[in-house]
Every structure is written in C-alpha cells, then in structure tokens.
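So this one's target.pdb, PDB, C-alpha atoms:
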```
ATOM      1  CA  LYS A   1      -3.180  -5.051  -7.915
ATOM      2  CA  GLY A   2      -3.735  -4.751 -11.613
ATOM      3  CA  ASP A   3      -4.447  -1.783 -13.804
ATOM      4  CA  VAL A   4      -4.891  -0.781 -17.423
ATOM      5  CA  TYR A   5      -4.422   2.606 -19.060
ATOM      6  CA  TRP A   6      -6.106   3.509 -22.344
ATOM      7  CA  ARG A   7      -5.704   6.920 -23.995
ATOM      8  CA  HIS A   8      -7.351   7.913 -27.266
ATOM      9  CA  ASP A   9      -6.026  10.984 -29.050
ATOM     10  CA  LEU A  10      -8.976  12.834 -30.604
ATOM     11  CA  THR A  11      -6.716  15.455 -32.214
ATOM     12  CA  PRO A  12      -3.038  16.239 -31.647
ATOM     13  CA  ARG A  13      -4.193  18.545 -28.813
ATOM     14  CA  TYR A  14      -7.184  16.755 -27.170
ATOM     15  CA  PHE A  15      -7.523  13.237 -25.766
ATOM     16  CA  THR A  16      -9.719  10.989 -23.633
ATOM     17  CA  ILE A  17      -8.643   8.388 -21.065
ATOM     18  CA  TYR A  18     -10.082   5.321 -19.408
ATOM     19  CA  ARG A  19      -8.166   3.768 -16.521
ATOM     20  CA  PRO A  20      -9.696   0.780 -14.702
ATOM     21  CA  SER A  21      -7.828  -0.906 -11.840
ATOM     22  CA  PHE A  22      -8.504  -3.701  -9.405
ATOM     23  CA  GLU A  23      -6.885  -4.157  -6.005
ATOM     24  CA  TRP A  24      -7.270  -6.954  -3.487
ATOM     25  CA  ASN A  25      -5.844  -6.352  -0.029
ATOM     26  CA  GLY A  26      -6.000  -9.478   2.097
ATOM     27  CA  TYR A  27      -5.121  -7.835   5.396
ATOM     28  CA  TYR A  28      -5.325  -4.333   6.779
ATOM     29  CA  PHE A  29      -5.938  -2.711  10.122
ATOM     30  CA  ASN A  30      -8.851  -0.304  10.554
ATOM     31  CA  ASN A  31      -8.937   1.078  14.109
ATOM     32  CA  GLY A  32      -7.079  -2.010  15.281
ATOM     33  CA  VAL A  33      -9.457  -4.496  13.594
ATOM     34  CA  LEU A  34      -8.045  -6.883  10.982
ATOM     35  CA  GLY A  35     -10.015  -7.050   7.718
ATOM     36  CA  ASN A  36      -9.718  -7.163   3.944
ATOM     37  CA  TYR A  37     -11.158  -5.360   0.944
ATOM     38  CA  GLU A  38     -11.429  -5.443  -2.824
ATOM     39  CA  LEU A  39     -11.348  -2.191  -4.772
ATOM     40  CA  PHE A  40     -12.481  -1.679  -8.352
ATOM     41  CA  GLN A  41     -11.600   1.821  -9.521
ATOM     42  CA  GLN A  42     -12.592   3.306 -12.876
ATOM     43  CA  GLU A  43     -11.384   6.673 -14.111
ATOM     44  CA  ALA A  44     -12.779   8.309 -17.261
ATOM     45  CA  GLY A  45     -11.792  11.762 -18.408
ATOM     46  CA  ALA A  46     -10.568  14.162 -21.034
ATOM     47  CA  GLY A  47      -7.550  16.362 -21.334
ATOM     48  CA  LEU A  48      -5.328  18.744 -23.188
ATOM     49  CA  THR A  49      -1.839  18.024 -24.507
ATOM     50  CA  LEU A  50       0.389  20.971 -23.555
ATOM     51  CA  LEU A  51       3.650  19.630 -24.992
ATOM     52  CA  ASN A  52       3.798  17.053 -27.784
ATOM     53  CA  GLU A  53       7.338  16.668 -29.049
ATOM     54  CA  PRO A  54       8.904  13.349 -30.079
ATOM     55  CA  LYS A  55      10.979  13.145 -26.872
ATOM     56  CA  ARG A  56       8.813  15.163 -24.452
ATOM     57  CA  LYS A  57       5.102  15.051 -23.695
ATOM     58  CA  LEU A  58       3.038  16.852 -21.066
ATOM     59  CA  ARG A  59      -0.720  16.418 -20.592
ATOM     60  CA  VAL A  60      -3.315  17.770 -18.133
ATOM     61  CA  GLY A  61      -6.946  16.861 -17.709
ATOM     62  CA  THR A  62      -9.975  16.292 -15.574
ATOM     63  CA  SER A  63     -11.805  13.063 -14.863
ATOM     64  CA  ALA A  64     -14.456  11.342 -12.817
ATOM     65  CA  THR A  65     -13.419   8.336 -10.752
ATOM     66  CA  GLU A  66     -15.714   5.623  -9.450
ATOM     67  CA  TYR A  67     -14.579   3.719  -6.357
ATOM     68  CA  GLU A  68     -16.364   0.432  -5.752
ATOM     69  CA  ILE A  69     -15.260  -1.224  -2.500
ATOM     70  CA  TRP A  70     -16.192  -4.625  -1.068
ATOM     71  CA  THR A  71     -15.141  -5.209   2.542
ATOM     72  CA  SER A  72     -14.677  -8.384   4.585
ATOM     73  CA  ASN A  73     -18.141  -8.101   6.133
ATOM     74  CA  GLU A  74     -19.753  -8.101   2.635
ATOM     75  CA  ASP A  75     -20.439  -4.353   2.565
ATOM     76  CA  ARG A  76     -20.355  -2.734  -0.867
ATOM     77  CA  VAL A  77     -19.803   1.000  -1.205
ATOM     78  CA  THR A  78     -19.691   3.017  -4.434
ATOM     79  CA  ARG A  79     -18.424   6.590  -4.597
ATOM     80  CA  PHE A  80     -17.946   8.990  -7.510
ATOM     81  CA  VAL A  81     -15.167  11.532  -7.116
ATOM     82  CA  PRO A  82     -13.998  14.336  -9.454
ATOM     83  CA  SER A  83     -10.267  14.657 -10.066
ATOM     84  CA  VAL A  84      -7.603  16.482 -12.031
ATOM     85  CA  PHE A  85      -4.444  14.864 -13.367
ATOM     86  CA  ILE A  86      -1.092  15.608 -14.986
ATOM     87  CA  GLU A  87       0.978  13.190 -17.074
ATOM     88  CA  SER A  88       4.509  13.452 -18.415
ATOM     89  CA  GLU A  89       6.790  11.352 -20.623
ATOM     90  CA  PHE A  90      10.427  12.155 -21.270
ATOM     91  CA  ASP A  91      12.936  10.207 -23.352
ATOM     92  CA  LEU A  92      16.366  10.333 -21.728
ATOM     93  CA  PRO A  93      19.818   9.416 -23.017
ATOM     94  CA  TRP A  94      20.994   5.782 -23.052
ATOM     95  CA  LYS A  95      17.540   4.393 -24.058
ATOM     96  CA  MET A  96      16.008   5.496 -20.768
ATOM     97  CA  LYS A  97      12.508   6.889 -20.293
ATOM     98  CA  PHE A  98      10.748   8.735 -17.448
ATOM     99  CA  VAL A  99       6.960   8.493 -17.137
ATOM    100  CA  GLY A 100       4.964  10.190 -14.385
ATOM    101  CA  ARG A 101       1.291  10.576 -13.526
ATOM    102  CA  GLY A 102      -0.350  12.362 -10.613
ATOM    103  CA  SER A 103      -4.049  12.655  -9.726
ATOM    104  CA  ARG A 104      -5.688  14.911  -7.173
ATOM    105  CA  TYR A 105      -9.069  13.607  -5.952
ATOM    106  CA  PHE A 106     -11.669  15.935  -4.485
ATOM    107  CA  SER A 107     -14.136  14.416  -2.042
ATOM    108  CA  LEU A 108     -17.312  16.469  -2.148
ATOM    109  CA  ARG A 109     -18.886  14.641   0.797
ATOM    110  CA  HIS A 110     -16.017  14.725   3.316
ATOM    111  CA  GLY A 111     -14.084  17.790   2.209
ATOM    112  CA  GLN A 112     -10.691  16.026   2.193
ATOM    113  CA  ALA A 113      -8.674  15.833  -0.998
ATOM    114  CA  GLY A 114      -6.572  12.785  -1.847
ATOM    115  CA  TRP A 115      -3.529  12.156  -3.998
ATOM    116  CA  GLU A 116      -2.348   9.244  -6.116
ATOM    117  CA  SER A 117       0.839   9.229  -8.184
ATOM    118  CA  GLN A 118       3.075   6.882 -10.125
ATOM    119  CA  ILE A 119       6.534   7.531 -11.495
ATOM    120  CA  GLU A 120       8.666   5.129 -13.484
ATOM    121  CA  LEU A 121      12.202   5.209 -14.809
ATOM    122  CA  SER A 122      12.844   2.493 -17.386
ATOM    123  CA  LYS A 123      15.861   1.349 -19.384
ATOM    124  CA  LYS A 124      15.667  -0.696 -22.578
ATOM    125  CA  LEU A 125      18.329  -3.393 -22.420
ATOM    126  CA  THR A 126      17.460  -4.823 -25.856
ATOM    127  CA  GLU A 127      14.718  -4.084 -28.382
ATOM    128  CA  THR A 128      12.256  -6.245 -26.423
ATOM    129  CA  PHE A 129      13.598  -6.477 -22.836
ATOM    130  CA  LEU A 130      13.474  -3.606 -20.332
ATOM    131  CA  ILE A 131      13.991  -3.014 -16.639
ATOM    132  CA  SER A 132      12.373  -0.255 -14.605
ATOM    133  CA  VAL A 133      12.040   1.238 -11.156
ATOM    134  CA  HIS A 134       8.468   2.187 -10.280
ATOM    135  CA  TYR A 135       7.215   4.270  -7.328
ATOM    136  CA  ASP A 136       3.536   4.413  -6.263
ATOM    137  CA  THR A 137       1.972   6.557  -3.572
ATOM    138  CA  ARG A 138      -1.633   7.061  -2.473
ATOM    139  CA  PHE A 139      -3.215   8.879   0.474
ATOM    140  CA  ASN A 140      -6.617  10.207   1.603
ATOM    141  CA  THR A 141      -8.707   8.079  -0.733
ATOM    142  CA  PRO A 142     -12.471   8.637  -0.611
ATOM    143  CA  ASP A 143     -13.061   5.481   1.462
ATOM    144  CA  ILE A 144     -11.632   4.652   4.899
ATOM    145  CA  HIS A 145     -11.311   0.957   3.984
ATOM    146  CA  VAL A 146      -8.805   1.632   1.192
ATOM    147  CA  GLN A 147      -5.262   1.574   2.462
ATOM    148  CA  ASP A 148      -2.837   4.465   1.927
ATOM    149  CA  TYR A 149       0.598   3.355   0.764
ATOM    150  CA  SER A 150       3.958   4.348  -0.614
ATOM    151  CA  LYS A 151       6.020   1.635  -2.312
ATOM    152  CA  TRP A 152       8.915   0.993  -4.685
ATOM    153  CA  ARG A 153       8.977  -1.838  -7.235
ATOM    154  CA  LEU A 154      11.597  -3.245  -9.570
ATOM    155  CA  LEU A 155       9.994  -4.442 -12.792
ATOM    156  CA  LEU A 156      11.257  -6.585 -15.663
ATOM    157  CA  GLY A 157       9.294  -6.306 -18.880
ATOM    158  CA  LEU A 158       8.880  -7.266 -22.499
ATOM    159  CA  ASP A 159       8.103  -4.637 -25.106
ATOM    160  CA  PHE A 160       6.482  -6.004 -28.251
TER     161      PHE A 160
END
```
Output the structure of this file as structure tokens.
Amino acid sequence: KGDVYWRHDLTPRYFTIYRPSFEWNGYYFNNGVLGNYELFQQEAGAGLTLLNEPKRKLRVGTSATEYEIWTSNEDRVTRFVPSVFIESEFDLPWKMKFVGRGSRYFSLRHGQAGWESQIELSKKLTETFLISVHYDTRFNTPDIHVQDYSKWRLLLGLDF
C-alpha cells in the first residue's frame, strides 16, 4: 500500500486536498474463494480550518472519492463516493506529535456508509530521525472486493 497526501491552503481558513493511494492485495477470501485485487483510490475535496494554532490544528471538509478496482478475473470497477472528513494535529511534550484523520464514506447505490481512519503518534529522536506508531482501520468500503482491516504499524522515518 502506498499513499500521498497533498493539502493546499487557499487562505488561513480554507484549503483543498488531493489524496491518491494504491493498494495491492495478493490474497483475500470472498465467500470462501481465494482472489486478489488492486485498488487505486483518489480523494479530492475542500475544507475549513476550525483551529489553526502553532501547536494545535483541527480541520473538517467534504470530498469526492473515486475507487478503481481491478480483480483477479480482470474485472475493472469504478465508483464515485461522497465523503466527509476530519483531521487533527497536536504537538505534545517531549518532541511528540499526534496526527489523526477520519473519513466517512456514503454509498449512494447500496445505502451503507463506510469508515476509514488513520492515527499516528510520532517522536522525534533527532532533528532528522523519528519513530512512530501508526494505526489504520477501514470497513464497509463501496466495493465488496476491497478488504476491511484494522492494523498497527511501527514506522521509522527521516524528516528532511
């Protein structure tokens, strides 16, 4: 899985986002049948900054998300889904930082809403080296081929 997040501040209060991601799942079970899929997800939206202090930020917004799924039997499905999101960033003592993002997806065709969220707690060990704990969760996506999950990751990073 790989993803990018780009935010452009139009004014101190308003912003736009673009968030593409790609996911390849080599094996999953769908009704007991083993298969695989590739997911290309693009989210584009706009939002409002509710809190913009040097150590605390809170943003809300709305976006449109495109799901493009390729399955093991060469099927390709594209779906557009509206969503709302909330983002937060908090600087903590001891060079620690908390970042969280949650999105609520509304499926107009099936009537089920889905959820995707990421939270991360990071600690700068030096000016360039950091370590973080990251938690991802996703359920009820707009396509039955895309796997729901909940996972923890330990990340080592360079900040430059």
Show me as a PyMOL selection string the residues that reach within 10 Å of (0.1, 4.4, 4.9), counting only C-alpha atoms and using the file's own coordinates. chain A and resi 137-140+147-151
When you count only C-alpha atoms, which of these residues is closest to A:Ile17: A:Thr62, A:Ser83, A:Ser88, A:Asn52? A:Thr62
The residues within 9 Å of (4.2, 9.6, -17.0), using only C-alpha atoms and the coordinates of the file, should be reported as a VMD selection string; which are they? chain A and resid 57 to 58 86 to 90 98 to 102 118 to 120
Just write the chosen residues, C-alpha atoms, as a PDB file, in the frame of the given file.
```
ATOM      1  CA  LYS A  57       5.102  15.051 -23.695  1.00  0.00           C
ATOM      2  CA  LEU A  58       3.038  16.852 -21.066  1.00  0.00           C
ATOM      3  CA  ILE A  86      -1.092  15.608 -14.986  1.00  0.00           C
ATOM      4  CA  GLU A  87       0.978  13.190 -17.074  1.00  0.00           C
ATOM      5  CA  SER A  88       4.509  13.452 -18.415  1.00  0.00           C
ATOM      6  CA  GLU A  89       6.790  11.352 -20.623  1.00  0.00           C
ATOM      7  CA  PHE A  90      10.427  12.155 -21.270  1.00  0.00           C
ATOM      8  CA  PHE A  98      10.748   8.735 -17.448  1.00  0.00           C
ATOM      9  CA  VAL A  99       6.960   8.493 -17.137  1.00  0.00           C
ATOM     10  CA  GLY A 100       4.964  10.190 -14.385  1.00  0.00           C
ATOM     11  CA  ARG A 101       1.291  10.576 -13.526  1.00  0.00           C
ATOM     12  CA  GLY A 102      -0.350  12.362 -10.613  1.00  0.00           C
ATOM     13  CA  GLN A 118       3.075   6.882 -10.125  1.00  0.00           C
ATOM     14  CA  ILE A 119       6.534   7.531 -11.495  1.00  0.00           C
ATOM     15  CA  GLU A 120       8.666   5.129 -13.484  1.00  0.00           C
TER      16      GLU A 120
END
```
Go ahead and compute the interatomic distance for atom CA of A:Leu158 and atom CA of A:Trp94, in Å to one decimal.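 Straight-line distance from atom CA of A:Leu158 to atom CA of A:Trp94 works out to 17.8 Å.
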Quick one: residues within 9 Å of A:Phe85, all atoms listed in the file counted, chain neighbours fewer than 5 positions away excluded, as a ChimeraX atom specification? /A:47,59-63,101-105
Residue nearest A:Trp70 - candidates A:Lys55, A:Phe22, A:Phe106, A:Leu92, atoms counted: all atoms listed in the file: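 Closest candidate: A:Phe22.
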